[in-house]
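Reproduced below: final.cif, with mmCIF, C-alpha atoms.
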```cif
data_query
loop_
_atom_site.label_atom_id
_atom_site.label_comp_id
_atom_site.auth_asym_id
_atom_site.auth_seq_id
_atom_site.Cartn_x
_atom_site.Cartn_y
_atom_site.Cartn_z
CA MET A 1 -46.80 99.68 68.22
CA ASN A 2 -45.32 99.77 64.72
CA ASN A 3 -41.62 100.06 64.01
CA PRO A 4 -40.92 103.74 64.68
CA ALA A 5 -38.08 103.94 62.14
CA ALA A 6 -40.12 105.84 59.56
CA LEU A 7 -40.76 108.60 62.11
CA ILE A 8 -37.13 109.02 63.17
CA ASP A 9 -34.73 111.74 62.02
CA HIS A 10 -31.42 109.92 62.48
CA THR A 11 -29.38 112.69 64.01
CA LEU A 12 -25.73 113.53 64.56
CA LEU A 13 -24.91 117.08 65.60
CA LYS A 14 -21.83 116.75 67.82
CA PRO A 15 -19.16 119.42 67.43
CA ASP A 16 -16.40 116.80 67.11
CA MET A 17 -18.13 114.65 64.50
CA THR A 18 -16.24 113.66 61.36
CA GLU A 19 -17.11 112.82 57.78
CA ALA A 20 -16.50 109.14 58.49
CA GLN A 21 -19.24 109.23 61.12
CA VAL A 22 -21.56 110.93 58.65
CA LEU A 23 -21.08 108.13 56.14
CA SER A 24 -21.88 105.56 58.83
CA LEU A 25 -24.97 107.51 59.81
CA CYS A 26 -26.16 107.49 56.20
CA GLU A 27 -25.64 103.74 55.91
CA GLU A 28 -27.56 103.14 59.12
CA ALA A 29 -30.39 105.33 57.87
CA VAL A 30 -30.75 103.30 54.69
CA GLU A 31 -30.45 99.99 56.52
CA HIS A 32 -33.11 100.79 59.10
CA GLY A 33 -35.41 102.95 56.98
CA PHE A 34 -35.24 106.15 58.98
CA ALA A 35 -37.16 109.16 57.68
CA SER A 36 -34.05 111.27 57.29
CA VAL A 37 -30.58 112.04 58.49
CA CYS A 38 -30.21 115.31 60.40
CA LEU A 39 -26.70 116.74 60.05
CA PRO A 40 -24.75 119.99 60.34
CA PRO A 41 -24.46 122.21 57.26
CA ALA A 42 -20.81 121.29 56.66
CA PHE A 43 -21.78 117.66 56.02
CA VAL A 44 -24.86 118.08 53.84
CA ALA A 45 -23.05 117.77 50.52
CA VAL A 46 -21.43 114.45 51.40
CA ALA A 47 -24.70 113.07 52.77
CA VAL A 48 -26.63 114.14 49.67
CA ASP A 49 -24.09 112.30 47.53
CA ARG A 50 -24.19 109.22 49.71
CA LEU A 51 -27.99 109.03 49.91
CA TYR A 52 -28.76 109.83 46.27
CA GLY A 53 -31.40 107.43 45.00
CA SER A 54 -32.39 106.23 48.48
CA ALA A 55 -35.64 106.97 50.30
CA VAL A 56 -33.77 108.69 53.14
CA ARG A 57 -34.08 112.45 53.12
CA VAL A 58 -31.20 114.75 54.05
CA GLY A 59 -31.99 117.36 56.66
CA SER A 60 -29.86 120.05 58.20
CA VAL A 61 -29.99 122.82 60.77
CA VAL A 62 -30.19 126.62 60.64
CA GLY A 63 -29.21 129.00 63.42
CA PHE A 64 -28.26 125.96 65.40
CA PRO A 65 -28.13 125.45 68.33
CA CYS A 66 -28.47 128.91 69.90
CA GLY A 67 -30.82 130.67 67.49
CA TYR A 68 -29.12 134.05 67.88
CA ASN A 69 -27.69 134.40 64.41
CA SER A 70 -28.96 137.28 62.35
CA LEU A 71 -32.09 136.76 60.29
CA ARG A 72 -30.03 137.43 57.18
CA GLN A 73 -27.68 134.60 58.16
CA LYS A 74 -30.57 132.23 58.74
CA ILE A 75 -31.99 133.03 55.33
CA THR A 76 -28.70 132.61 53.47
CA GLU A 77 -27.89 129.45 55.42
CA THR A 78 -31.29 127.99 54.48
CA ALA A 79 -30.91 128.89 50.82
CA GLU A 80 -27.41 127.42 50.73
CA LEU A 81 -28.57 124.16 52.32
CA VAL A 82 -31.44 123.79 49.87
CA ALA A 83 -29.09 124.50 46.96
CA LEU A 84 -26.81 121.75 48.27
CA GLY A 85 -29.70 119.32 48.25
CA ALA A 86 -31.04 119.43 51.81
CA GLU A 87 -34.69 118.35 51.83
CA GLU A 88 -35.62 119.24 55.41
CA ILE A 89 -34.64 122.25 57.52
CA ASP A 90 -34.63 122.37 61.32
CA MET A 91 -34.30 126.01 62.39
CA VAL A 92 -33.93 127.56 65.84
CA ILE A 93 -35.98 130.69 66.51
CA SER A 94 -34.58 133.78 68.17
CA ILE A 95 -35.43 132.71 71.70
CA GLY A 96 -34.57 136.16 73.05
CA ASN A 97 -37.14 137.77 70.77
CA LEU A 98 -39.79 135.31 71.94
CA LEU A 99 -38.95 135.92 75.61
CA ALA A 100 -39.08 139.68 74.96
CA ARG A 101 -42.56 139.07 73.46
CA ARG A 102 -41.57 140.41 70.07
CA PHE A 103 -43.92 137.96 68.45
CA ASP A 104 -44.09 139.78 65.13
CA LEU A 105 -40.31 139.40 64.73
CA VAL A 106 -40.42 135.69 65.55
CA GLU A 107 -43.23 135.00 63.10
CA ALA A 108 -41.53 137.05 60.36
CA GLU A 109 -38.26 135.22 60.95
CA ILE A 110 -39.90 131.82 60.57
CA ALA A 111 -41.82 132.96 57.47
CA GLN A 112 -38.58 134.15 55.83
CA VAL A 113 -36.87 130.83 56.47
CA VAL A 114 -39.92 128.94 55.16
CA LEU A 115 -39.72 131.05 52.00
CA ALA A 116 -35.98 130.40 51.60
CA ALA A 117 -36.51 126.67 52.18
CA GLU A 118 -38.69 126.44 49.05
CA GLN A 119 -40.14 122.90 48.96
CA ALA A 120 -38.26 121.68 52.05
CA PRO A 121 -40.44 121.34 55.14
CA VAL A 122 -39.24 123.55 57.99
CA LYS A 123 -39.22 122.28 61.57
CA VAL A 124 -39.12 125.16 63.99
CA ILE A 125 -37.28 124.60 67.26
CA ILE A 126 -38.78 126.70 70.04
CA GLU A 127 -36.50 125.30 72.80
CA CYS A 128 -39.24 124.58 75.31
CA CYS A 129 -37.01 124.45 78.38
CA TYR A 130 -36.63 128.24 78.28
CA LEU A 131 -40.37 128.90 77.92
CA ASP A 132 -43.38 129.00 80.21
CA GLN A 133 -46.65 127.36 79.20
CA GLU A 134 -48.08 130.49 77.62
CA LEU A 135 -44.98 131.08 75.49
CA LYS A 136 -44.94 127.45 74.31
CA GLN A 137 -48.51 127.88 73.11
CA ARG A 138 -47.82 131.28 71.62
CA ALA A 139 -44.72 130.00 69.82
CA THR A 140 -46.67 127.10 68.34
CA GLU A 141 -49.26 129.52 66.99
CA LEU A 142 -46.50 131.63 65.44
CA VAL A 143 -45.09 128.51 63.76
CA VAL A 144 -48.51 127.67 62.32
CA ASN A 145 -49.10 131.23 61.12
CA ALA A 146 -45.66 131.44 59.49
CA GLY A 147 -46.33 128.41 57.31
CA ALA A 148 -43.82 125.98 58.74
CA ALA A 149 -44.43 122.23 58.68
CA TYR A 150 -43.51 121.25 62.24
CA VAL A 151 -42.95 122.72 65.66
CA LYS A 152 -40.03 121.03 67.42
CA THR A 153 -39.46 120.92 71.15
CA SER A 154 -35.69 121.20 71.63
CA THR A 155 -32.21 121.32 70.16
CA GLY A 156 -30.68 118.79 72.52
CA PHE A 157 -28.09 121.44 73.49
CA ALA A 158 -30.11 123.24 76.15
CA PRO A 159 -30.53 122.20 79.79
CA GLY A 160 -33.76 120.34 78.97
CA GLY A 161 -34.98 118.19 76.07
CA ALA A 162 -38.35 116.85 74.99
CA THR A 163 -40.92 116.04 77.67
CA VAL A 164 -44.19 114.17 77.23
CA ALA A 165 -46.06 117.10 78.70
CA ASP A 166 -44.55 119.57 76.24
CA VAL A 167 -45.26 117.31 73.28
CA ALA A 168 -48.88 116.91 74.39
CA LEU A 169 -49.22 120.67 74.75
CA LEU A 170 -47.75 121.41 71.33
CA VAL A 171 -49.92 118.70 69.75
CA ALA A 172 -53.02 120.21 71.33
CA VAL A 173 -52.21 123.71 70.09
CA ALA A 174 -51.14 122.49 66.64
CA ALA A 175 -54.46 120.63 66.38
CA GLY A 176 -53.40 118.81 63.24
CA ARG A 177 -52.46 121.99 61.37
CA ILE A 178 -48.72 121.16 61.60
CA GLY A 179 -46.66 118.23 62.83
CA VAL A 180 -44.82 118.04 66.14
CA LYS A 181 -41.23 116.85 66.36
CA ALA A 182 -39.93 115.66 69.72
CA ALA A 183 -36.16 115.86 70.15
CA GLY A 184 -33.62 116.05 72.92
CA GLY A 185 -32.90 113.19 75.30
CA ILE A 186 -34.87 110.49 73.44
CA ARG A 187 -32.41 107.65 73.86
CA ASP A 188 -34.46 104.44 73.95
CA LEU A 189 -37.63 102.79 72.65
CA ASP A 190 -39.66 103.59 75.73
CA SER A 191 -39.09 107.33 75.57
CA CYS A 192 -39.61 107.25 71.81
CA GLN A 193 -42.94 105.48 72.16
CA GLN A 194 -44.05 107.84 74.93
CA MET A 195 -43.52 110.77 72.57
CA ILE A 196 -45.44 109.06 69.78
CA VAL A 197 -48.33 108.25 72.13
CA ALA A 198 -48.35 111.92 73.15
CA GLY A 199 -48.84 112.80 69.49
CA ALA A 200 -45.35 113.45 68.11
CA THR A 201 -45.26 112.90 64.35
CA ARG A 202 -41.47 113.00 64.07
CA ILE A 203 -38.72 111.96 66.49
CA GLY A 204 -35.22 113.42 66.52
CA SER A 205 -32.68 111.12 68.12
CA SER A 206 -29.07 110.08 67.86
CA ALA A 207 -30.07 106.70 69.27
CA GLY A 208 -32.17 105.57 66.31
CA VAL A 209 -30.31 102.31 65.85
CA LYS A 210 -30.75 101.42 69.50
CA ILE A 211 -34.44 102.31 69.35
CA VAL A 212 -35.22 100.12 66.34
CA THR A 213 -33.04 97.31 67.72
CA GLN A 214 -35.09 97.37 70.91
CA TRP A 215 -38.26 97.35 68.84
CA TYR A 216 -37.16 94.22 66.93
CA GLU A 217 -36.19 92.52 70.19
CA ARG A 218 -39.67 93.07 71.58
CA GLN A 219 -41.27 91.65 68.43
CA ASP A 220 -39.24 88.46 68.99
CA VAL A 221 -40.40 88.25 72.57
CA VAL A 222 -44.03 88.90 71.68
CA GLY A 223 -43.86 86.60 68.66
CA MET B 1 -1.39 142.03 89.77
CA ASN B 2 -3.02 144.85 87.84
CA ASN B 3 -6.74 145.21 87.32
CA PRO B 4 -7.50 142.59 84.64
CA ALA B 5 -10.43 144.54 83.16
CA ALA B 6 -8.51 145.65 80.07
CA LEU B 7 -7.86 142.02 79.17
CA ILE B 8 -11.44 140.84 79.55
CA ASP B 9 -13.92 140.24 76.74
CA HIS B 10 -17.17 140.81 78.62
CA THR B 11 -19.22 137.95 77.24
CA LEU B 12 -22.86 136.96 76.97
CA LEU B 13 -23.72 134.10 74.64
CA LYS B 14 -26.69 132.38 76.26
CA PRO B 15 -29.43 131.15 73.92
CA ASP B 16 -32.14 132.84 76.01
CA MET B 17 -30.47 136.25 76.27
CA THR B 18 -32.45 139.37 75.42
CA GLU B 19 -31.70 142.82 74.08
CA ALA B 20 -32.22 144.27 77.56
CA GLN B 21 -29.37 142.10 78.85
CA VAL B 22 -27.17 143.23 75.97
CA LEU B 23 -27.71 146.87 76.93
CA SER B 24 -26.75 146.08 80.54
CA LEU B 25 -23.66 144.25 79.35
CA CYS B 26 -22.60 147.28 77.32
CA GLU B 27 -23.07 149.59 80.28
CA GLU B 28 -21.02 147.31 82.52
CA ALA B 29 -18.28 147.17 79.90
CA VAL B 30 -18.00 150.96 79.80
CA GLU B 31 -18.17 151.28 83.57
CA HIS B 32 -15.43 148.73 84.24
CA GLY B 33 -13.24 149.34 81.22
CA PHE B 34 -13.41 145.88 79.65
CA ALA B 35 -11.60 145.32 76.36
CA SER B 36 -14.75 144.39 74.51
CA VAL B 37 -18.19 142.92 74.66
CA CYS B 38 -18.55 139.51 73.01
CA LEU B 39 -22.09 138.93 71.77
CA PRO B 40 -24.09 136.84 69.29
CA PRO B 41 -24.54 138.14 65.75
CA ALA B 42 -28.17 139.09 66.30
CA PHE B 43 -27.17 141.66 68.93
CA VAL B 44 -24.17 143.30 67.25
CA ALA B 45 -26.09 146.19 65.73
CA VAL B 46 -27.62 147.28 69.03
CA ALA B 47 -24.26 146.97 70.82
CA VAL B 48 -22.48 148.98 68.14
CA ASP B 49 -25.04 151.74 68.56
CA ARG B 50 -24.83 151.68 72.34
CA LEU B 51 -21.02 151.68 72.48
CA TYR B 52 -20.39 154.25 69.76
CA GLY B 53 -17.75 156.70 70.97
CA SER B 54 -16.62 154.49 73.85
CA ALA B 55 -13.32 152.63 74.14
CA VAL B 56 -15.13 149.28 74.37
CA ARG B 57 -14.90 147.21 71.22
CA VAL B 58 -17.78 145.10 69.92
CA GLY B 59 -16.92 141.50 69.19
CA SER B 60 -19.06 138.67 67.88
CA VAL B 61 -18.90 134.99 67.01
CA VAL B 62 -18.77 133.00 63.79
CA GLY B 63 -19.67 129.33 63.39
CA PHE B 64 -20.51 129.38 67.06
CA PRO B 65 -20.53 127.22 69.10
CA CYS B 66 -20.19 124.00 67.11
CA GLY B 67 -17.96 125.06 64.21
CA TYR B 68 -19.72 122.82 61.69
CA ASN B 69 -21.29 125.48 59.52
CA SER B 70 -20.13 125.60 55.92
CA LEU B 71 -17.06 127.66 55.10
CA ARG B 72 -19.23 129.83 52.88
CA GLN B 73 -21.49 130.54 55.84
CA LYS B 74 -18.55 131.45 58.05
CA ILE B 75 -17.26 133.87 55.44
CA THR B 76 -20.60 135.58 54.86
CA GLU B 77 -21.29 135.70 58.59
CA THR B 78 -17.90 137.36 59.18
CA ALA B 79 -18.42 139.89 56.40
CA GLU B 80 -21.89 140.72 57.68
CA LEU B 81 -20.63 141.24 61.23
CA VAL B 82 -17.83 143.54 60.08
CA ALA B 83 -20.31 145.49 57.95
CA LEU B 84 -22.50 145.93 61.03
CA GLY B 85 -19.55 147.36 62.96
CA ALA B 86 -18.09 144.36 64.79
CA GLU B 87 -14.41 144.99 65.58
CA GLU B 88 -13.39 141.55 66.80
CA ILE B 89 -14.35 138.10 65.51
CA ASP B 90 -14.24 134.88 67.52
CA MET B 91 -14.60 131.95 65.12
CA VAL B 92 -14.87 128.21 65.75
CA ILE B 93 -12.85 125.94 63.46
CA SER B 94 -14.24 122.82 61.86
CA ILE B 95 -13.27 120.50 64.70
CA GLY B 96 -14.12 117.44 62.61
CA ASN B 97 -11.66 118.47 59.92
CA LEU B 98 -8.93 118.91 62.51
CA LEU B 99 -9.66 115.52 64.08
CA ALA B 100 -9.61 113.96 60.60
CA ARG B 101 -6.18 115.61 60.14
CA ARG B 102 -7.32 117.69 57.18
CA PHE B 103 -4.98 120.44 58.24
CA ASP B 104 -4.96 122.20 54.88
CA LEU B 105 -8.73 122.66 55.09
CA VAL B 106 -8.54 124.03 58.61
CA GLU B 107 -5.82 126.52 57.73
CA ALA B 108 -7.63 127.62 54.57
CA GLU B 109 -10.85 128.08 56.52
CA ILE B 110 -9.16 130.33 59.07
CA ALA B 111 -7.38 132.30 56.34
CA GLN B 112 -10.66 132.95 54.57
CA VAL B 113 -12.31 134.23 57.73
CA VAL B 114 -9.28 136.43 58.45
CA LEU B 115 -9.63 137.89 54.97
CA ALA B 116 -13.36 138.49 55.40
CA ALA B 117 -12.73 140.12 58.79
CA GLU B 118 -10.67 142.89 57.18
CA GLN B 119 -9.15 144.95 60.03
CA ALA B 120 -10.90 143.04 62.81
CA PRO B 121 -8.60 140.69 64.73
CA VAL B 122 -9.75 137.06 64.54
CA LYS B 123 -9.62 134.80 67.58
CA VAL B 124 -9.70 131.17 66.55
CA ILE B 125 -11.43 128.74 68.89
CA ILE B 126 -9.88 125.29 68.64
CA GLU B 127 -12.03 123.72 71.43
CA CYS B 128 -9.18 122.10 73.33
CA CYS B 129 -11.31 119.58 75.22
CA TYR B 130 -11.75 117.53 72.04
CA LEU B 131 -8.03 117.56 71.14
CA ASP B 132 -4.95 115.65 72.24
CA GLN B 133 -1.69 117.48 72.93
CA GLU B 134 -0.38 117.07 69.40
CA LEU B 135 -3.55 118.43 67.83
CA LYS B 136 -3.57 121.43 70.19
CA GLN B 137 -0.04 122.27 69.04
CA ARG B 138 -0.85 121.60 65.41
CA ALA B 139 -3.99 123.74 65.58
CA THR B 140 -2.06 126.63 67.09
CA GLU B 141 0.46 126.46 64.24
CA LEU B 142 -2.40 126.51 61.73
CA VAL B 143 -3.82 129.61 63.42
CA VAL B 144 -0.43 131.34 63.20
CA ASN B 145 0.05 130.37 59.56
CA ALA B 146 -3.44 131.53 58.60
CA GLY B 147 -2.78 135.04 59.87
CA ALA B 148 -5.20 135.17 62.77
CA ALA B 149 -4.54 137.33 65.83
CA TYR B 150 -5.32 134.91 68.65
CA VAL B 151 -5.77 131.24 69.36
CA LYS B 152 -8.60 130.66 71.84
CA THR B 153 -9.06 127.61 74.03
CA SER B 154 -12.80 126.99 74.20
CA THR B 155 -16.32 128.09 73.40
CA GLY B 156 -17.71 127.50 76.87
CA PHE B 157 -20.33 125.18 75.31
CA ALA B 158 -18.25 121.99 75.22
CA PRO B 159 -17.69 119.56 78.11
CA GLY B 160 -14.42 121.32 79.06
CA GLY B 161 -13.28 124.95 79.20
CA ALA B 162 -9.93 126.67 79.59
CA THR B 163 -7.26 124.94 81.66
CA VAL B 164 -3.98 126.41 82.87
CA ALA B 165 -2.09 123.58 81.17
CA ASP B 166 -3.74 124.22 77.81
CA VAL B 167 -3.11 127.96 78.01
CA ALA B 168 0.56 127.33 78.83
CA LEU B 169 0.86 124.94 75.89
CA LEU B 170 -0.77 127.34 73.44
CA VAL B 171 1.39 130.21 74.72
CA ALA B 172 4.54 128.11 74.23
CA VAL B 173 3.61 127.18 70.68
CA ALA B 174 2.45 130.69 69.80
CA ALA B 175 5.78 132.03 71.08
CA GLY B 176 4.65 135.62 70.89
CA ARG B 177 3.58 135.39 67.26
CA ILE B 178 -0.12 135.57 68.19
CA GLY B 179 -2.07 136.15 71.37
CA VAL B 180 -3.80 133.47 73.44
CA LYS B 181 -7.36 133.89 74.68
CA ALA B 182 -8.52 131.74 77.57
CA ALA B 183 -12.27 131.20 77.79
CA GLY B 184 -14.73 128.74 79.26
CA GLY B 185 -15.29 128.34 82.96
CA ILE B 186 -13.35 131.44 84.12
CA ARG B 187 -15.74 132.60 86.79
CA ASP B 188 -13.65 134.38 89.45
CA LEU B 189 -10.50 136.44 89.99
CA ASP B 190 -8.35 133.47 90.98
CA SER B 191 -8.99 131.52 87.79
CA CYS B 192 -8.62 134.69 85.72
CA GLN B 193 -5.24 135.45 87.28
CA GLN B 194 -4.07 131.86 86.82
CA MET B 195 -4.75 132.17 83.10
CA ILE B 196 -2.89 135.48 82.88
CA VAL B 197 0.08 134.04 84.77
CA ALA B 198 0.08 131.15 82.29
CA GLY B 199 0.40 133.71 79.50
CA ALA B 200 -3.13 134.42 78.33
CA THR B 201 -3.37 137.84 76.70
CA ARG B 202 -7.14 137.94 76.59
CA ILE B 203 -9.78 136.47 78.89
CA GLY B 204 -13.30 135.57 77.81
CA SER B 205 -15.74 135.48 80.70
CA SER B 206 -19.34 136.19 81.55
CA ALA B 207 -18.22 136.93 85.11
CA GLY B 208 -16.20 140.06 84.34
CA VAL B 209 -18.03 142.23 86.85
CA LYS B 210 -17.45 139.70 89.62
CA ILE B 211 -13.79 139.40 88.65
CA VAL B 212 -13.06 143.13 88.79
CA THR B 213 -15.14 143.51 91.95
CA GLN B 214 -13.00 140.86 93.62
CA TRP B 215 -9.90 142.65 92.36
CA TYR B 216 -11.00 145.95 93.94
CA GLU B 217 -11.83 144.19 97.20
CA ARG B 218 -8.33 142.78 97.39
CA GLN B 219 -6.80 146.22 96.79
CA ASP B 220 -8.75 147.49 99.79
CA VAL B 221 -7.47 144.67 101.93
CA VAL B 222 -3.89 145.09 100.78
CA GLY B 223 -4.09 148.92 101.01
#
```
Representation of the structure as structure tokens:
Amino acid sequence: MNNPAALIDHTLLKPDMTEAQVLSLCEEAVEHGFASVCLPPAFVAVAVDRLYGSAVRVGSVVGFPCGYNSLRQKITETAELVALGAEEIDMVISIGNLLARRFDLVEAEIAQVVLAAEQAPVKVIIECCYLDQELKQRATELVVNAGAAYVKTSTGFAPGGATVADVALLVAVAAGRIGVKAAGGIRDLDSCQQMIVAGATRIGSSAGVKIVTQWYERQDVVG
Amino acid sequence: MNNPAALIDHTLLKPDMTEAQVLSLCEEAVEHGFASVCLPPAFVAVAVDRLYGSAVRVGSVVGFPCGYNSLRQKITETAELVALGAEEIDMVISIGNLLARRFDLVEAEIAQVVLAAEQAPVKVIIECCYLDQELKQRATELVVNAGAAYVKTSTGFAPGGATVADVALLVAVAAGRIGVKAAGGIRDLDSCQQMIVAGATRIGSSAGVKIVTQWYERQDVVG
């Protein structure tokens, strides 16, 4: 399997993270060729400055990690992030609205964020661990209909993260119409490769450096 | 000890909560005489409607639970909540700025949210589990200086919640200038009473009904 770096959103979303850690994350992303860095809103400006002129995209999060902010907040947060230079947006849906089967509200919410995100692709976190199989499928359809670019399994803050079965399900429903991002608990090359084999087109992980290091080690062994 | 109900913020902040649960929470708050309900932004409007005319205040959260939203987002979120009828605001500081010892930024952030909150008292969550003793003291001083009403121990989303030792420390530093709210992991009457004995003037808990039920049971036994 190819080096997965180009599929990885190099992610740091810990509440106690500092600007110094953000700068390190940006340097690692350039060094290893990750697709993007995924950071909290408060650190987008510094990352945009640091990564200017590089191939690494700056992504950030909206309504994260609980999804229960108001729609108005999600829209203004998205617009602010794009104005600051964010090029990818990972949003969390209102999980309560999905569980209450208010599908029209969920689809409208995603569509509004997609609109506010302008050219930035929106990855929509449906937080699979709270959903049954039918709702995972339904949510994926809502993401497609709302015009988002990816459906994403998990925030990494809930009791469960990405599973191979969930990724395979989302890939089957998406049927090539949108991408699928696997995130949450992907901490080594094996789990990363399992997600890619299942059809994930983007990987969110805070262990990107470890993953690509393991990949290089295996090339040495094979070579 | 008196019935603690009047000190309790009856809290529900789970990512998978629904509007039906919010309505139940409001009914329980009226029935038991809790100080307030503490709810996510997306549910403030429905709680304000439901509790209109009651003595129960509606509180909500800003920058919750990670604290790493932009200052601009925290200000607009606060203003929106107040406009919707929220009467109490629990905000999370930028923990990274505190850890990086950017104390001026932390104090300014709190002061801006206090301003945006207008008449609503602001409870400032410093997330003690990430802080050493000096930073807990320093953070409490910043909260006092910024004009907030309470310092609050924890979100309930971090690895550690309220401890008796932290509450006692915050109470000592606050020295009556502001209140102290203990939250995170307070799940029964014993832990609630320990926090009150340590000097907490407000308790955040999702187990308020259990706590007051235990209190009534003990009155029966004693009586």
Show me a table, sorted first by chain and then by increasing residue number, of the residues of chain A having an atom at most 6 Å from chain B, each with its shortest atom pair and the distance in Å to one decimal, counting only C-alpha atoms and written as a tab-separated table.
```
residue	atom	partner	partner_atom	distance
A:Pro15	CA	B:Cys66	CA	4.7
A:Asp16	CA	B:Gly96	CA	5.1
A:Met17	CA	B:Gly96	CA	5.2
A:Thr18	CA	B:Gly96	CA	4.5
A:Pro40	CA	B:Tyr68	CA	5.9
A:Pro41	CA	B:Asn69	CA	5.1
A:Ala42	CA	B:Ser70	CA	4.4
A:Cys66	CA	B:Pro15	CA	4.7
A:Tyr68	CA	B:Ala42	CA	5.4
A:Asn69	CA	B:Pro41	CA	5.1
A:Ser70	CA	B:Ala42	CA	4.4
A:Ile95	CA	B:Asp16	CA	5.4
A:Gly96	CA	B:Thr18	CA	4.5
```
- Evaluate the PyMOL selection byres ((chain A and resi 162-168) around 10) and record the selected residues as a count of residues only, following the chain and residue labels used in the document. 39
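Taking all atoms listed in the file into account, Glu31 of chain A lies nearest to A:Gly208 out of the set A:Asp188, A:Leu84, A:Gly208, A:Phe103.
Separating atom CA of Ala83 of chain B from atom CA of Asp49 of chain B is a distance of 13.2 Å.
In terms of minimum interatomic distance to Ala146 of chain A, A:Glu107 ranks closest within A:Glu107, A:Asp9, A:Glu118, A:Glu134, counting all atoms listed in the file.
Atom to atom, atom CA of Gln112 of chain A and atom CA of Val82 of chain B stand 23.2 Å apart.
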- Would you work out the distance separating atom CA of Ala120 of chain A from atom CA of Pro159 of chain A, expressed in Å to one decimal?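 Separation between atom CA of Ala120 of chain A and atom CA of Pro159 of chain A: 28.8 Å.
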- Item | Residue IDs satisfying the PyMOL selection byres ((chain B and resi 122) around 9), as a PyMOL selection string | chain B and resi 88-91+110+113-114+117+120-121+123-124+147-151
- Task: Write out as a list in words each polymer residue whose atoms come within 9 Å of Val58 of chain B, counting only C-alpha atoms; drop sequence neighbours fewer than 6 positions from it.
- Result: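 Non-adjacent residues within range: Ala35, Ser36, Val37, Cys38, Leu39, Val44, Ala47, Val48, Leu51, Gly85, Ala86, Glu87, Glu88 and Ile89 of chain B.
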Same residues, C-alpha atoms, saved as a PDB file, in the frame of the given file:
```pdb
ATOM      1  CA  ALA B  35     -11.600 145.320  76.360  1.00  0.00           C
ATOM      2  CA  SER B  36     -14.750 144.390  74.510  1.00  0.00           C
ATOM      3  CA  VAL B  37     -18.190 142.920  74.660  1.00  0.00           C
ATOM      4  CA  CYS B  38     -18.550 139.510  73.010  1.00  0.00           C
ATOM      5  CA  LEU B  39     -22.090 138.930  71.770  1.00  0.00           C
ATOM      6  CA  VAL B  44     -24.170 143.300  67.250  1.00  0.00           C
ATOM      7  CA  ALA B  47     -24.260 146.970  70.820  1.00  0.00           C
ATOM      8  CA  VAL B  48     -22.480 148.980  68.140  1.00  0.00           C
ATOM      9  CA  LEU B  51     -21.020 151.680  72.480  1.00  0.00           C
ATOM     10  CA  GLY B  85     -19.550 147.360  62.960  1.00  0.00           C
ATOM     11  CA  ALA B  86     -18.090 144.360  64.790  1.00  0.00           C
ATOM     12  CA  GLU B  87     -14.410 144.990  65.580  1.00  0.00           C
ATOM     13  CA  GLU B  88     -13.390 141.550  66.800  1.00  0.00           C
ATOM     14  CA  ILE B  89     -14.350 138.100  65.510  1.00  0.00           C
TER      15      ILE B  89
END
```
